[in-house]
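The structure appears below as structure tokens.
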Amino acid sequence: MLVRLLYVSRAVDPNCCAAIESILEVSRAHNLQHGITGVLCYGGGTFLQAIEGGRGAVNQLYNHIVVDRRHADVLLLYYEEISERRFGGWTMGQVNLAKVNTSIVLKYSERPEFDPYAVSGQVSLALLEELMATASIIGRA
């Protein structure tokens with residue numbers, strides 16, 4: 001059974017470039033072995049991540065993320081059983097939200113800085129789908 005999980009968290013280190021690289025490096029190796037795909041967005045010290053794969057593998061990964069010391073304020077935004085993947089082309093794609101066109105962000109947010117804590121999980125997922133459609137996700141694997 002495939003599932004999709006979407007969560008938001010805050011970076012413990014406000015200058016999270018090293019944490020982002022570490023998360024992406026570990027994620028890509030781990031996810032390939034466990035059939036997990038997804039995308040990691042970051043900006044303003046906030047992570048927004050979609051994870052897809054088998055229910056057990058996704059739940060186990062999320063439980064690991066919740067206790068990962070690089071994250072704080074981890075909040076589950078959305079969880080659903082799915083018939084197919086939306087982010088299947090990425091073992092872990094990435095998006096720097098600070099570099100996304102402001103008009104795309106304003107489509108889903110009250111302000112030009114996207115805050116996943118202030119919107120529904122469905123809105124955050126819709127933004128990720130738009131970023132995918134506009135080729136804003138990098139790191140295809």
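For the structure tokens, the naming scheme is as follows: chains receive sequential letters (A, B, ...) according to their order of presentation, residues are indexed from 1 within each chain, and ligands are indexed from 1 in presentation order.
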
| request: List every residue of chain A that DSSP, applied to the backbone, labels as helix (DSSP H, G or I), and write the result as a count of residues only. | output: 57

How close does each residue of region 28-70 of chain A get to region 4-14 of chain A, giving the shortest atom pair and distance in Å to one decimal for every residue with an atom at most 9 Å away, counting only C-alpha atoms, sorted by chain and residue number, as a tab-separated table?
```
residue	atom	partner	partner_atom	distance
A:Gly38	CA	A:Arg4	CA	8.8
A:Gly44	CA	A:Pro14	CA	8.0
A:Gly45	CA	A:Ala11	CA	5.2
A:Thr46	CA	A:Arg10	CA	4.5
A:Phe47	CA	A:Ser9	CA	5.2
A:Leu48	CA	A:Val8	CA	4.5
A:Gln49	CA	A:Tyr7	CA	5.6
A:Ala50	CA	A:Leu6	CA	4.4
A:Ile51	CA	A:Leu5	CA	5.2
A:Glu52	CA	A:Arg4	CA	4.4
A:Gly53	CA	A:Arg4	CA	6.9
A:Gly54	CA	A:Arg4	CA	8.8
A:Arg55	CA	A:Arg4	CA	8.4
A:Val58	CA	A:Leu5	CA	7.4
A:Asn59	CA	A:Leu5	CA	8.4
A:Tyr62	CA	A:Leu5	CA	8.3
A:Val66	CA	A:Ser9	CA	8.9
A:Arg69	CA	A:Val12	CA	7.3
A:Arg70	CA	A:Val12	CA	5.3
```

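You will find CA of Gly89 (chain A) at 22.8 Å from CA of Val105 (chain A).
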
| remark: Nearest to Val95 (chain A), restricted to only C-alpha atoms and choosing among A:Leu2, A:Ile23, A:Ile36, A:Met132, comes out as A:Met132

| Which residue out of A:Tyr78, A:Gly43, A:Met1, A:Thr134 has the minimum interatomic distance to Pro112 (chain A) when only C-alpha atoms are used? |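 Among the listed residues, the smallest separation from Pro112 (chain A) belongs to A:Gly43.
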
| Pick from A:Gly121, A:Tyr42, A:Val3, A:Gln60 nearest to Arg86 (chain A), counting only C-alpha atoms |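 Closest residue, counting only C-alpha atoms: A:Val3.
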
| request: Run DSSP on the backbone and give me the residues of chain A it puts in strand (DSSP E), as a PyMOL selection string. | output: chain A and resi 2-11+37-43+46-54+71-82+93-96

Take the residues from that selection and put them in a file with C-alpha atoms, as a PDB file, in the first residue's frame.
```pdb
ATOM      1  CA  LEU A   2       1.394   3.384  -1.040  1.00  0.00           C
ATOM      2  CA  VAL A   3       0.977   6.486   1.115  1.00  0.00           C
ATOM      3  CA  ARG A   4       1.905  10.157   0.896  1.00  0.00           C
ATOM      4  CA  LEU A   5       2.928  12.123   3.963  1.00  0.00           C
ATOM      5  CA  LEU A   6       3.514  15.864   4.170  1.00  0.00           C
ATOM      6  CA  TYR A   7       5.104  17.555   7.169  1.00  0.00           C
ATOM      7  CA  VAL A   8       6.621  20.898   8.124  1.00  0.00           C
ATOM      8  CA  SER A   9       9.415  21.620  10.581  1.00  0.00           C
ATOM      9  CA  ARG A  10      11.767  24.394  11.584  1.00  0.00           C
ATOM     10  CA  ALA A  11      15.510  24.112  11.205  1.00  0.00           C
ATOM     11  CA  THR A  37      10.328   9.245  -3.190  1.00  0.00           C
ATOM     12  CA  GLY A  38       9.562  12.858  -2.430  1.00  0.00           C
ATOM     13  CA  VAL A  39      10.611  16.464  -2.341  1.00  0.00           C
ATOM     14  CA  LEU A  40      12.161  18.737   0.297  1.00  0.00           C
ATOM     15  CA  CYS A  41      11.417  22.453   0.251  1.00  0.00           C
ATOM     16  CA  TYR A  42      13.233  24.901   2.451  1.00  0.00           C
ATOM     17  CA  GLY A  43      13.244  28.629   3.047  1.00  0.00           C
ATOM     18  CA  THR A  46      11.422  26.088   7.458  1.00  0.00           C
ATOM     19  CA  PHE A  47      11.364  22.637   5.881  1.00  0.00           C
ATOM     20  CA  LEU A  48       8.330  21.353   3.973  1.00  0.00           C
ATOM     21  CA  GLN A  49       8.672  17.752   2.850  1.00  0.00           C
ATOM     22  CA  ALA A  50       6.490  15.304   0.946  1.00  0.00           C
ATOM     23  CA  ILE A  51       7.361  11.620   1.296  1.00  0.00           C
ATOM     24  CA  GLU A  52       5.809   8.782  -0.712  1.00  0.00           C
ATOM     25  CA  GLY A  53       6.257   5.035  -0.524  1.00  0.00           C
ATOM     26  CA  GLY A  54       5.082   1.943   1.296  1.00  0.00           C
ATOM     27  CA  HIS A  71      14.330  19.631  13.140  1.00  0.00           C
ATOM     28  CA  ALA A  72      12.084  21.381  15.656  1.00  0.00           C
ATOM     29  CA  ASP A  73       8.322  21.928  15.708  1.00  0.00           C
ATOM     30  CA  VAL A  74       7.676  18.935  13.427  1.00  0.00           C
ATOM     31  CA  LEU A  75       4.006  18.965  12.415  1.00  0.00           C
ATOM     32  CA  LEU A  76       2.184  16.404  10.275  1.00  0.00           C
ATOM     33  CA  LEU A  77       0.193  18.343   7.661  1.00  0.00           C
ATOM     34  CA  TYR A  78      -1.251  15.640   5.450  1.00  0.00           C
ATOM     35  CA  TYR A  79      -1.349  11.847   5.191  1.00  0.00           C
ATOM     36  CA  GLU A  80      -3.209   9.777   2.625  1.00  0.00           C
ATOM     37  CA  GLU A  81      -3.292   6.395   0.970  1.00  0.00           C
ATOM     38  CA  ILE A  82      -2.507   6.809  -2.734  1.00  0.00           C
ATOM     39  CA  GLY A  93      14.033  16.485  -5.003  1.00  0.00           C
ATOM     40  CA  GLN A  94      14.679  19.912  -3.583  1.00  0.00           C
ATOM     41  CA  VAL A  95      13.255  23.413  -3.836  1.00  0.00           C
ATOM     42  CA  ASN A  96      14.615  26.592  -2.285  1.00  0.00           C
TER      43      ASN A  96
END
```

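If you look at CA of Thr102 (chain A) and CA of Ser27 (chain A), they are 28.0 Å away from each other.
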
| field | Atom-to-atom span, CA of Ala126 (chain A) and CA of Ile65 (chain A), Å | value |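 So the answer is 22.5 Å.
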